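Beneath this line is the structure, given in structure tokens, with notes to follow.
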Amino acid sequence: MLFDRRLLQHFDWILLVLLIVIATISVVNLYSATYAIKDAGGSQIFARQIYWFLIGFAVLLLMTTFDYHLLERLAYSAYVVSLALLVTVLLVGKVTSGSQRWLSLGGISFQVSEIAKIVIVLTLAKYFSERGADAEARLRDLWQPLLLMAIPCILIVKEPDLGTALVLVVVSFTIILFTKVNWKSLLILALPSLAAAPFIWFSLKAYQQRRILTFLRPEMDPLGAGYHINQSKIAIGSGLFWGKGFLKGTQTRLHFLPEQHTDFAFSVLAEEWGFVGAVFLLLLYLLLILWGIAIATSSKDRFGSIVAVGVVAIVFWQLVINVCMATGLLPVVGIPLVLFSYGGSSLISTMAGMGILMNISMRRFMFQ
Amino acid sequence: MRSSGFDPVSVEVFNRRLRILTLCVFAVFAVLVLRLWFLQILNGPSYRVQSENNRIQLQDIPPFRGMIFDRRGELLVDNRPSYNLYIIPEQIQDQKQLLKSLNLLIGLEPQSVRDKLGKESHKYPFKPVLIKKNVSRNELAIVETNLFNLPGVMVQVKPQRYYIFGSFASHLIGYLGEISEHQLGKEKYKDNRPGDLIGKSGVEGEWQRSLHGFRGGAQVEVDAAGRKLRVVSRKRPLPGMNVWLTIDKDLQITAENALKGKKGAIVAMNPKDGEILALASSPAYDPNWFIVGMDRTQWAEIMRSKDSPLQNRPISGQYPPGSVFKIAVALAGLEEGVVDPEEEIFCTGQFRVGNHTYRCWKKYGHGKVAFHRALVESCDVYFYKLGKQLGVDTIARYARMLGLGKRAEFELGSEKAGLIPTRRWKLKRWGVPWQTGETVSMAIGQSFVLVTPMQMVRMISGIFNGGHLYQPKVIKWVGKDGNKIYQFTPTLMDRINAKPENMELIKDALLGVVNERRGTGGRARVKGLTVAGKTGTAQVITLEKEEEFEQKSDIPVEFRDHAWFVAIAPAEDPSLALAILIEHGGHGGSGAAPIAKEMFKTYFKK
């Protein structure tokens with residue numbers, strides 16, 4: 001397929017610029033987060049993240065080179081492949097600190113569950129775009145999409161990676177709500193989930209239950225999660241309006257913050273750049289999300305529209321869960337701040353999602 | 001495309017939902033910004049104070065490891081304070097001067113200290129770096145009195161495992177070692193941290209989780225220099241459970257003393273329930289070595305040594321049983337009706353099968369012998385003949401019924417099974433059929449037969465306790481402050497199905513071994529106690545080869561026979577069964593039986 005000149009005209013510069021700004025802030029913030037340990041591997045972390053961002057942008061551009069309807073044709077195959085990969089991870093995956101999440105291929109390790117997030121969006125989008133009228137769907141029509149969501153979810157819970165499974169569930173539900181269910185069915189769906197809550201509670205592992213209890217009463221676990229939440233709140237709060245300044249965050253430098261370059265990257269930013277910096281970053285994400293919704297609105301077909309909503313949901317939910325965790329509004333679930341925290345797999349798969357979003361945006365004026 | 005294109009209705013629905021979605025997004029962002037405002041503006045100043053003054057660090061408080069006692073409550077394994085020397089990099093004023101002082105005061109090599117500091121100090125300059133473990137009391141006194149001159153130096157006390165009696169029951173108790181990367185992820189070690197010492201073998205390994213307890217910790221407020229100001233909150237560590245062994249300390253010491261300078265194994269068991277009263281293996285090791293830390297050469301020496309001090313011989317040493325095996329052959333003969341106890345045969349000292357002559361240990365023969373005397377005086381020719389009549393598979397069946405050649409399911413594991421050969425096994429393993437000659441030497445416990453001392457003590461117990469084969473156990477109870485989480489109960493594994501009158505004949509003969517004039521086990525006789533037993537002399541090389549040497553003492557040690565003795569007392573109501581094996585100890589009657597006497601004297605206080 002020759003590259004259509006109209007595509008270049010419609011290239012989504014706004015999306016690209018937003019991403020570049022977020023990436024830059026992320027890298028600057030990571031430099032500070034790892035500054036105290038820069039002689040003990042910190043500078044490597046910093047360099048690697050830059051490298052991943054470059055790969056991420058390359059992947060993003062790559063994702064715009066073909067018509068996204070190709071993804072619609074490939075969606076179910078991709079789903080099957082991702083399930084196979086998830087099973088493989090459980091069988092032969094690399095174990096790090098008690099969970100089995102990584103798969104090594106030719107010297108490169110990646111987290112399969114990150115790919116699963118994008119794939120489930122494509123799969124559900126294909127499923128719902130093939131079904132007819134919306135809004136009138138009833139509950140019993142929902143078992144198929146719920147099953148599509150449940151299988152990878154269970155595999156990811158097994159790793160165990162509760163955080164990613166949670167993201168998968170909320171993203172899938174967002175898509176289902178958006179496309180199919182009428183509000184009454186939604187209510188009917190919500191009631192059994194509430195009834196199931198006690199069962200879910202008892203199926204959780206002891207340490208998972210403890211995290212939730214700790215969240216409700218931080219003084220219960222002064223050495224584990226309670227400590228993390230507390231230190232994160234001190235970091236954010238002590239930033240005040242203008243922040244302590246770049247590289248001046250004491251919480252960060254003295255390493256009081258746990259996992260400050262991954263799960264608590266937002267706390268580092270809020271400590272050093274204060275309310276102004278934290279709100280500025282949130283505004284950037286807000287713009288990104290609103291822009292994504294605009295792309296969904298302007299898309300010319302159901303598939304594109306649903307995929308756009310799904311990708312936006314991935315960003316939105318991970319952002320909300322992470323920021324709520326750092327500010328003590330949610331238990332510590334170990335979800336990194338999307339596009340911002342250190343970590344290659346998550347970054348590259350998110351950038352792939354952004355590429356798909358851009359793809360949809362560029363082709364919104366095309367006629368099939 | 002099949003699905004592309006919208007009908008106007010769904011465009012309307014979609015757009016309505018997208019608007020709702022947008023509203024939701026705004027609402028959530030508003031909540032986030034409000035939360036930030038609450039934390040950073042409303043409560044910001046108080047958090048700022050906390051971050052500047054109250055620097056709260058986590059301190060790890062490892063729990064006390066549970067203690068280990070003998071059956072009477074005598075303390076065997078304890079913890080004692082160990083003083084470790086740390087340096088806090090941030091507080092060093094003049095590193096060169098400090099290293100020089102430490103070298104002068106307690107002889108620390110400046111380069112090694114520099115190496116240790118180098119790695120960690122950049123990362124967390126406020127975190128103490130361990131410089132020397134186990135500072136002696138002397139060094140401690142010197143350091144403490146000069147502490148004001150050594151800014152950055154700190155001494156901390158930590159509990160350290162202490163094996164009070166050194167190598168006492170070391171194979172049973174086990175040893176500790178640093179937790180491995182692989183173990184860290186496992187459920188069993190979920191309360192452990194990198195660097196922890198965990199049980200690697202024996203009771204320490206098997207009961208690791210109960211012995212460990214639960215670690216505690218504290219949030220400690222420190223100032224900018226890392227000095228402790230106060231404890232903000234604390235979780236107390238929960239000490240581990242204590243373990244009471246079934247071991248009798250005095251009996252164990254007697255056994256270990258008897259094995260000093262020798263290689264061998266002793267098991268003492270309560271025949272009525274399977275409680276192990278002593279379990280000794282020689283050579284032994286001192287588990288304290290693993291705690292204090294060995295250097296590489298010391299460790300390599302232990303691992304390489306052909307005496308294999310880490311091997312727990314009573315359960316993993318496999319030896320030919322020698323004449324003790326005649327008990328199994330005798331029972332087979334009686335039960336199968338092949339033996340008439342009264343019938344005499346004539347022992348010339350030789351027995352021919354084909355063109356090979358098998359020799360009796362008594363060169364010129366026993367003359368006329370019947371069943372009882374054959375067992376008492378351990379006549380080889382009698383059993384050659386009997387064995388040949390029975391055949392390999394029948395003998396094997398009875399040997400296995402007596403618990404030989406299979407694991408006794410010892411509580412702590414790491415057991416070897418031994419071997420009772422059969423025709424099928426020979427063909428499968430070696431690809432050649434079984435030879436009659438092999439049956440003949442099997443009948444006196446040679447050829448392929450291999451047993452462990454644990455199997456032997458179970459066999460003699462079973463014969464005298466009415467045919468019960470119990471699982472050997474070493475844990476009496478586990479618990480703390482009167483709470484028991486485990487309590488010993490006997491487990492019956494197997495039964496010896498034999499006619500009582502046949503068992504009586506064997507018991508009589510085993511009493512004769514010790515108490516009759518020509519019995520081979522006379523040296524185990526104890527005044528006022530009815531001891532029964534059986535000697536065994538397991539050949540390492542053939543009798544013919546042995547006779548190439550002028551005198552017994554000319555035979556190189558590694559070619560000398562293994563000495564066996566299994567014994568039980570009092571025969572009428574047994575309470576102590578023994579299996580003794582001395583590698584290259586010569587005759588069972590002279591090499592092992594006297595040890596049984598010592599053991600009985602200790603246990604029955606005679």
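Ligands are numbered from 1 in the order shown, residues from 1 within each chain, and chains are lettered A, B, ... in the order they appear in the structure tokens.
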
Next item on the list: Give me the residues within 12 Å of Val17 of chain A as an MDAnalysis selection string, counting only C-alpha atoms and dropping any in the same chain fewer than 4 places off.
Entry: chainID A and resid 11:13 21:24 57 284 287:288 291 358

Next item on the list: Within 9 Å of Ile289 of chain A, counting only C-alpha atoms, which residues show up once you throw out same-chain ones fewer than 2 positions away? Write them as an MDAnalysis selection string, please.
Entry: (chainID A and resid 284:287 291:294 312:313 315:316) or (chainID B and resid 22 25)

For the structure I just gave you, how does DSSP split segment 279-425 of chain B - specifically, which residues are alpha helix (DSSP H)? Reply as a PDB file with C-alpha atoms, in the first residue's frame.
ATOM      1  CA  ASN B 288      28.434 -23.960  64.835  1.00  0.00           C
ATOM      2  CA  TRP B 289      30.953 -23.876  61.979  1.00  0.00           C
ATOM      3  CA  PHE B 290      28.190 -22.921  59.579  1.00  0.00           C
ATOM      4  CA  ILE B 291      27.063 -20.074  61.827  1.00  0.00           C
ATOM      5  CA  VAL B 292      30.384 -18.456  62.499  1.00  0.00           C
ATOM      6  CA  ARG B 296      36.089 -21.680  51.266  1.00  0.00           C
ATOM      7  CA  THR B 297      38.826 -24.211  51.951  1.00  0.00           C
ATOM      8  CA  GLN B 298      37.176 -25.417  55.142  1.00  0.00           C
ATOM      9  CA  TRP B 299      33.910 -25.980  53.314  1.00  0.00           C
ATOM     10  CA  ALA B 300      35.613 -27.690  50.390  1.00  0.00           C
ATOM     11  CA  GLU B 301      37.409 -29.950  52.819  1.00  0.00           C
ATOM     12  CA  ILE B 302      34.149 -31.067  54.381  1.00  0.00           C
ATOM     13  CA  MET B 303      32.530 -31.650  51.018  1.00  0.00           C
ATOM     14  CA  ARG B 304      35.488 -33.476  49.560  1.00  0.00           C
ATOM     15  CA  ARG B 313      24.761 -42.909  58.114  1.00  0.00           C
ATOM     16  CA  PRO B 314      21.915 -44.452  60.186  1.00  0.00           C
ATOM     17  CA  ILE B 315      19.414 -43.612  57.459  1.00  0.00           C
ATOM     18  CA  SER B 316      21.448 -43.064  54.329  1.00  0.00           C
ATOM     19  CA  LYS B 326      20.115 -64.797  58.901  1.00  0.00           C
ATOM     20  CA  ILE B 327      17.136 -63.703  61.022  1.00  0.00           C
ATOM     21  CA  ALA B 328      15.162 -63.148  57.817  1.00  0.00           C
ATOM     22  CA  VAL B 329      16.340 -66.408  56.265  1.00  0.00           C
ATOM     23  CA  ALA B 330      15.536 -68.314  59.465  1.00  0.00           C
ATOM     24  CA  LEU B 331      12.010 -66.883  59.588  1.00  0.00           C
ATOM     25  CA  ALA B 332      11.491 -67.761  55.931  1.00  0.00           C
ATOM     26  CA  GLY B 333      12.659 -71.310  56.594  1.00  0.00           C
ATOM     27  CA  LEU B 334      10.298 -71.767  59.552  1.00  0.00           C
ATOM     28  CA  GLU B 335       7.277 -70.142  57.938  1.00  0.00           C
ATOM     29  CA  PHE B 371      18.278 -74.552  63.980  1.00  0.00           C
ATOM     30  CA  HIS B 372      18.858 -72.998  67.404  1.00  0.00           C
ATOM     31  CA  ARG B 373      22.622 -73.488  67.512  1.00  0.00           C
ATOM     32  CA  ALA B 374      22.970 -72.481  63.867  1.00  0.00           C
ATOM     33  CA  LEU B 375      21.582 -69.053  64.678  1.00  0.00           C
ATOM     34  CA  VAL B 376      23.313 -68.724  68.063  1.00  0.00           C
ATOM     35  CA  ASP B 380      27.159 -70.143  57.638  1.00  0.00           C
ATOM     36  CA  VAL B 381      26.892 -73.649  56.180  1.00  0.00           C
ATOM     37  CA  TYR B 382      23.473 -74.215  57.785  1.00  0.00           C
ATOM     38  CA  PHE B 383      22.180 -71.060  56.150  1.00  0.00           C
ATOM     39  CA  TYR B 384      23.862 -71.746  52.796  1.00  0.00           C
ATOM     40  CA  LYS B 385      21.896 -74.948  52.683  1.00  0.00           C
ATOM     41  CA  LEU B 386      18.657 -73.372  53.886  1.00  0.00           C
ATOM     42  CA  GLY B 387      19.012 -70.446  51.517  1.00  0.00           C
ATOM     43  CA  LYS B 388      19.574 -72.714  48.562  1.00  0.00           C
ATOM     44  CA  GLN B 389      16.392 -74.605  49.439  1.00  0.00           C
ATOM     45  CA  LEU B 390      14.338 -71.446  49.808  1.00  0.00           C
ATOM     46  CA  VAL B 392      16.147 -65.907  46.241  1.00  0.00           C
ATOM     47  CA  ASP B 393      12.565 -64.722  45.792  1.00  0.00           C
ATOM     48  CA  THR B 394      11.243 -66.391  48.953  1.00  0.00           C
ATOM     49  CA  ILE B 395      14.065 -64.958  51.025  1.00  0.00           C
ATOM     50  CA  ALA B 396      13.407 -61.554  49.477  1.00  0.00           C
ATOM     51  CA  ARG B 397       9.725 -61.738  50.372  1.00  0.00           C
ATOM     52  CA  TYR B 398      10.475 -62.324  54.067  1.00  0.00           C
ATOM     53  CA  ALA B 399      13.255 -59.751  54.150  1.00  0.00           C
ATOM     54  CA  ARG B 400      10.873 -57.113  52.839  1.00  0.00           C
ATOM     55  CA  MET B 401       8.191 -58.202  55.291  1.00  0.00           C
ATOM     56  CA  ARG B 423      15.381 -62.663  40.097  1.00  0.00           C
ATOM     57  CA  ARG B 424      13.493 -60.009  38.199  1.00  0.00           C
ATOM     58  CA  TRP B 425      15.662 -57.223  39.582  1.00  0.00           C
TER      59      TRP B 425
END

Notebook entry, point to check: Can you tell me, as a PyMOL selection string, what residues are no more than 12 Å from Val320 of chain A when counting only C-alpha atoms, ignoring any on the same chain fewer than 3 positions away?
Noted result: (chain A and resi 167+170+266+282+285-286+289+313-317+323-330+335-338) or (chain B and resi 25-33+35)

Could those residues be written to a file, using N, CA and C atoms, as a CSV table (one decimal), in the first residue's frame?
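Saved to result06.csv:
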chain,number,residue,atom,x,y,z
A,167,VAL,N,-6.8,-3.9,35.9
A,167,VAL,CA,-6.9,-2.9,34.8
A,167,VAL,C,-7.7,-3.6,33.7
A,170,VAL,N,-11.5,-3.4,34.5
A,170,VAL,CA,-12.1,-2.1,34.4
A,170,VAL,C,-12.2,-1.6,33.0
A,266,PHE,N,4.9,9.3,40.7
A,266,PHE,CA,4.0,10.6,40.8
A,266,PHE,C,4.4,11.3,42.1
A,282,LEU,N,-1.4,16.3,35.6
A,282,LEU,CA,-2.8,15.8,35.5
A,282,LEU,C,-3.5,16.4,34.3
A,285,TYR,N,-2.6,14.8,31.1
A,285,TYR,CA,-3.3,13.5,30.9
A,285,TYR,C,-4.7,13.8,30.5
A,286,LEU,N,-5.3,14.8,31.2
A,286,LEU,CA,-6.7,15.1,30.9
A,286,LEU,C,-6.9,15.5,29.4
A,289,ILE,N,-6.7,12.4,27.3
A,289,ILE,CA,-7.9,11.6,27.3
A,289,ILE,C,-9.0,12.2,26.6
A,313,ALA,N,-9.4,4.2,27.8
A,313,ALA,CA,-9.7,3.6,29.1
A,313,ALA,C,-8.5,3.1,29.7
A,314,ILE,N,-7.6,2.5,28.9
A,314,ILE,CA,-6.4,1.9,29.5
A,314,ILE,C,-5.6,3.0,30.2
A,315,VAL,N,-5.4,4.2,29.5
A,315,VAL,CA,-4.7,5.3,30.1
A,315,VAL,C,-5.4,5.8,31.3
A,316,PHE,N,-6.7,6.1,31.1
A,316,PHE,CA,-7.4,6.7,32.2
A,316,PHE,C,-7.4,5.9,33.5
A,317,TRP,N,-7.7,4.6,33.4
A,317,TRP,CA,-7.8,3.8,34.6
A,317,TRP,C,-6.5,3.6,35.3
A,323,VAL,N,-2.6,7.3,40.8
A,323,VAL,CA,-2.6,8.5,41.5
A,323,VAL,C,-3.4,8.4,42.8
A,324,CYS,N,-4.5,7.6,42.8
A,324,CYS,CA,-5.2,7.4,44.0
A,324,CYS,C,-4.4,6.6,45.0
A,325,MET,N,-3.6,5.6,44.5
A,325,MET,CA,-2.7,4.9,45.4
A,325,MET,C,-1.7,5.8,46.0
A,326,ALA,N,-1.0,6.6,45.2
A,326,ALA,CA,0.0,7.5,45.7
A,326,ALA,C,-0.5,8.5,46.7
A,327,THR,N,-1.8,8.9,46.5
A,327,THR,CA,-2.3,9.9,47.4
A,327,THR,C,-3.1,9.3,48.6
A,328,GLY,N,-3.1,8.0,48.6
A,328,GLY,CA,-3.7,7.3,49.8
A,328,GLY,C,-5.3,7.1,49.6
A,329,LEU,N,-5.8,7.2,48.4
A,329,LEU,CA,-7.2,7.0,48.2
A,329,LEU,C,-7.5,5.6,47.8
A,330,LEU,N,-6.5,4.8,47.5
A,330,LEU,CA,-6.7,3.4,47.2
A,330,LEU,C,-5.6,2.5,47.8
A,335,ILE,N,0.3,-0.7,40.4
A,335,ILE,CA,0.1,-0.3,39.0
A,335,ILE,C,1.0,0.9,38.8
A,336,PRO,N,1.9,0.8,37.8
A,336,PRO,CA,2.7,2.0,37.5
A,336,PRO,C,1.9,3.1,36.9
A,337,LEU,N,2.5,4.3,36.9
A,337,LEU,CA,1.8,5.4,36.3
A,337,LEU,C,2.0,5.3,34.8
A,338,VAL,N,1.0,5.2,34.0
A,338,VAL,CA,1.1,4.9,32.6
A,338,VAL,C,1.8,6.1,31.9
B,25,VAL,N,-15.0,11.7,33.2
B,25,VAL,CA,-13.5,11.9,33.3
B,25,VAL,C,-13.3,13.2,34.0
B,26,PHE,N,-14.1,14.3,33.7
B,26,PHE,CA,-13.9,15.6,34.4
B,26,PHE,C,-14.1,15.4,35.9
B,27,ALA,N,-15.1,14.6,36.2
B,27,ALA,CA,-15.5,14.4,37.7
B,27,ALA,C,-14.3,13.8,38.4
B,28,VAL,N,-13.8,12.7,37.8
B,28,VAL,CA,-12.7,12.0,38.4
B,28,VAL,C,-11.4,12.9,38.6
B,29,PHE,N,-11.1,13.7,37.5
B,29,PHE,CA,-10.0,14.6,37.6
B,29,PHE,C,-10.2,15.6,38.7
B,30,ALA,N,-11.4,16.1,38.8
B,30,ALA,CA,-11.7,17.0,39.9
B,30,ALA,C,-11.4,16.4,41.2
B,31,VAL,N,-11.8,15.2,41.4
B,31,VAL,CA,-11.5,14.5,42.7
B,31,VAL,C,-10.0,14.5,42.9
B,32,LEU,N,-9.2,14.1,41.9
B,32,LEU,CA,-7.8,14.0,42.1
B,32,LEU,C,-7.2,15.3,42.4
B,33,VAL,N,-7.6,16.4,41.7
B,33,VAL,CA,-7.1,17.7,42.0
B,33,VAL,C,-7.4,18.1,43.4
B,35,ARG,N,-8.0,16.2,45.9
B,35,ARG,CA,-7.1,15.4,46.8
B,35,ARG,C,-5.7,16.0,47.0

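Residue neighbourhood of Gln471 of chain B, excluding near-sequence residues (fewer than 4 positions): Asp273, Gly274, Glu275, Ala408, Glu409, Phe410, Glu411, Arg458, Pro490, Thr491, Leu492, Met493 and Asp494 of chain B, at 9 Å, using only C-alpha atoms.
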
Expected file contents, prior selection, N, CA and C atoms, as a JSON list (two decimals), in the first residue's frame:
[["chain", "number", "residue", "atom", "x", "y", "z"],
["B", 273, "ASP", "N", 7.05, -47.94, 70.20],
["B", 273, "ASP", "CA", 6.32, -46.88, 69.51],
["B", 273, "ASP", "C", 7.13, -46.20, 68.39],
["B", 274, "GLY", "N", 8.39, -46.59, 68.23],
["B", 274, "GLY", "CA", 9.16, -46.00, 67.13],
["B", 274, "GLY", "C", 9.86, -44.71, 67.49],
["B", 275, "GLU", "N", 9.81, -44.29, 68.75],
["B", 275, "GLU", "CA", 10.56, -43.10, 69.16],
["B", 275, "GLU", "C", 12.05, -43.39, 69.05],
["B", 408, "ALA", "N", 12.20, -46.76, 55.77],
["B", 408, "ALA", "CA", 11.45, -46.91, 57.02],
["B", 408, "ALA", "C", 10.54, -45.71, 57.24],
["B", 409, "GLU", "N", 10.54, -44.76, 56.27],
["B", 409, "GLU", "CA", 9.76, -43.52, 56.36],
["B", 409, "GLU", "C", 10.16, -42.71, 57.58],
["B", 410, "PHE", "N", 11.47, -42.63, 57.82],
["B", 410, "PHE", "CA", 11.98, -41.80, 58.90],
["B", 410, "PHE", "C", 11.46, -40.38, 58.74],
["B", 411, "GLU", "N", 11.04, -39.81, 59.87],
["B", 411, "GLU", "CA", 10.34, -38.52, 59.88],
["B", 411, "GLU", "C", 11.05, -37.40, 59.13],
["B", 458, "ARG", "N", 14.49, -51.46, 63.29],
["B", 458, "ARG", "CA", 13.05, -51.69, 63.16],
["B", 458, "ARG", "C", 12.76, -53.19, 63.12],
["B", 490, "PRO", "N", 2.51, -42.62, 67.88],
["B", 490, "PRO", "CA", 3.13, -43.69, 67.10],
["B", 490, "PRO", "C", 2.35, -43.94, 65.81],
["B", 491, "THR", "N", 3.05, -44.28, 64.76],
["B", 491, "THR", "CA", 2.41, -44.64, 63.50],
["B", 491, "THR", "C", 2.85, -46.05, 63.11],
["B", 492, "LEU", "N", 1.89, -46.95, 63.07],
["B", 492, "LEU", "CA", 2.18, -48.33, 62.68],
["B", 492, "LEU", "C", 2.21, -48.41, 61.17],
["B", 493, "MET", "N", 3.36, -48.83, 60.63],
["B", 493, "MET", "CA", 3.48, -48.84, 59.18],
["B", 493, "MET", "C", 3.17, -50.21, 58.59],
["B", 494, "ASP", "N", 3.65, -51.25, 59.25],
["B", 494, "ASP", "CA", 3.56, -52.60, 58.70],
["B", 494, "ASP", "C", 3.49, -53.62, 59.82]]

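Closest to chain B among A:Thr262, A:Ser129, A:Asn322, A:Asn230 is A:Ser129, based on only C-alpha atoms.
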
Note to self: What's around segment 196-211 of chain B at 7 Å? Count only C-alpha atoms, leave out sequence neighbours fewer than 5 positions away in its own chain, and write the answer as JSON, numbers by chain.
What the structure shows: {"B": [65, 66, 171, 172, 173, 174, 175, 176, 177, 178, 179, 188, 240, 241, 242, 412]}

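From atom CA of Gly217 of chain B back to atom CA of Pro62 of chain B, the distance works out to 7.7 Å.
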
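Running DSSP on the backbone gives strand (DSSP E or B) for these residues within segment 4-94 of chain B: Arg55, Ile56, Gln57, Leu58, Gln59, Asp60, Ile61, Ile68, Phe69, Leu75, Leu76, Val77, Asp78, Asn79, Arg80, Pro81, Ser82, Tyr83, Asn84, Leu85, Tyr86 and Ile87 of chain B.
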
Note to self: I'd like the neighbourhood of segment 582-598 of chain B as JSON, numbers by chain, where a residue qualifies if any of its atoms comes within 8 Å (using only C-alpha atoms), though same-chain residues fewer than 2 positions away should be ignored.
What the structure shows: {"B": [254, 255, 258, 259, 262, 263, 264, 265, 520, 521, 522, 523, 524, 525, 526, 535, 536, 537, 557, 558, 559, 560, 561, 562, 563, 564, 565, 567, 578, 580, 600, 601, 602]}

For Glu438 of chain B, find every residue with an atom within 9 Å (counting only C-alpha atoms), except residues of its own chain fewer than 6 positions away, and show them as an mmCIF file with N, CA and C atoms, in the first residue's frame.
data_model
loop_
_atom_site.group_PDB
_atom_site.id
_atom_site.type_symbol
_atom_site.label_atom_id
_atom_site.label_comp_id
_atom_site.auth_asym_id
_atom_site.auth_seq_id
_atom_site.Cartn_x
_atom_site.Cartn_y
_atom_site.Cartn_z
ATOM 1 N N VAL B 392 15.986 -67.348 46.046
ATOM 2 C CA VAL B 392 16.147 -65.907 46.241
ATOM 3 C C VAL B 392 14.825 -65.189 46.476
ATOM 4 N N GLN B 446 25.181 -61.383 52.143
ATOM 5 C CA GLN B 446 26.180 -60.771 51.255
ATOM 6 C C GLN B 446 25.538 -60.574 49.887
ATOM 7 N N SER B 447 26.299 -60.838 48.846
ATOM 8 C CA SER B 447 25.854 -60.627 47.465
ATOM 9 C C SER B 447 25.326 -59.200 47.309
ATOM 10 N N PHE B 448 24.106 -59.012 46.801
ATOM 11 C CA PHE B 448 23.652 -57.645 46.500
ATOM 12 C C PHE B 448 22.926 -56.979 47.656
#

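The residue that comes closest to chain B, out of A:Lys248, A:Arg6, A:Arg48, A:Lys233 and on the basis of only C-alpha atoms, is A:Lys233.
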
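The two atoms in question, atom CA of Phe168 of chain B and atom CA of Pro239 of chain B, are spaced 23.9 Å apart.
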
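Distance annotation: of A:Thr350, A:Ser26, A:Thr34, A:Ser345, the residue with the minimal separation from chain B is A:Thr34; atom set is only C-alpha atoms.
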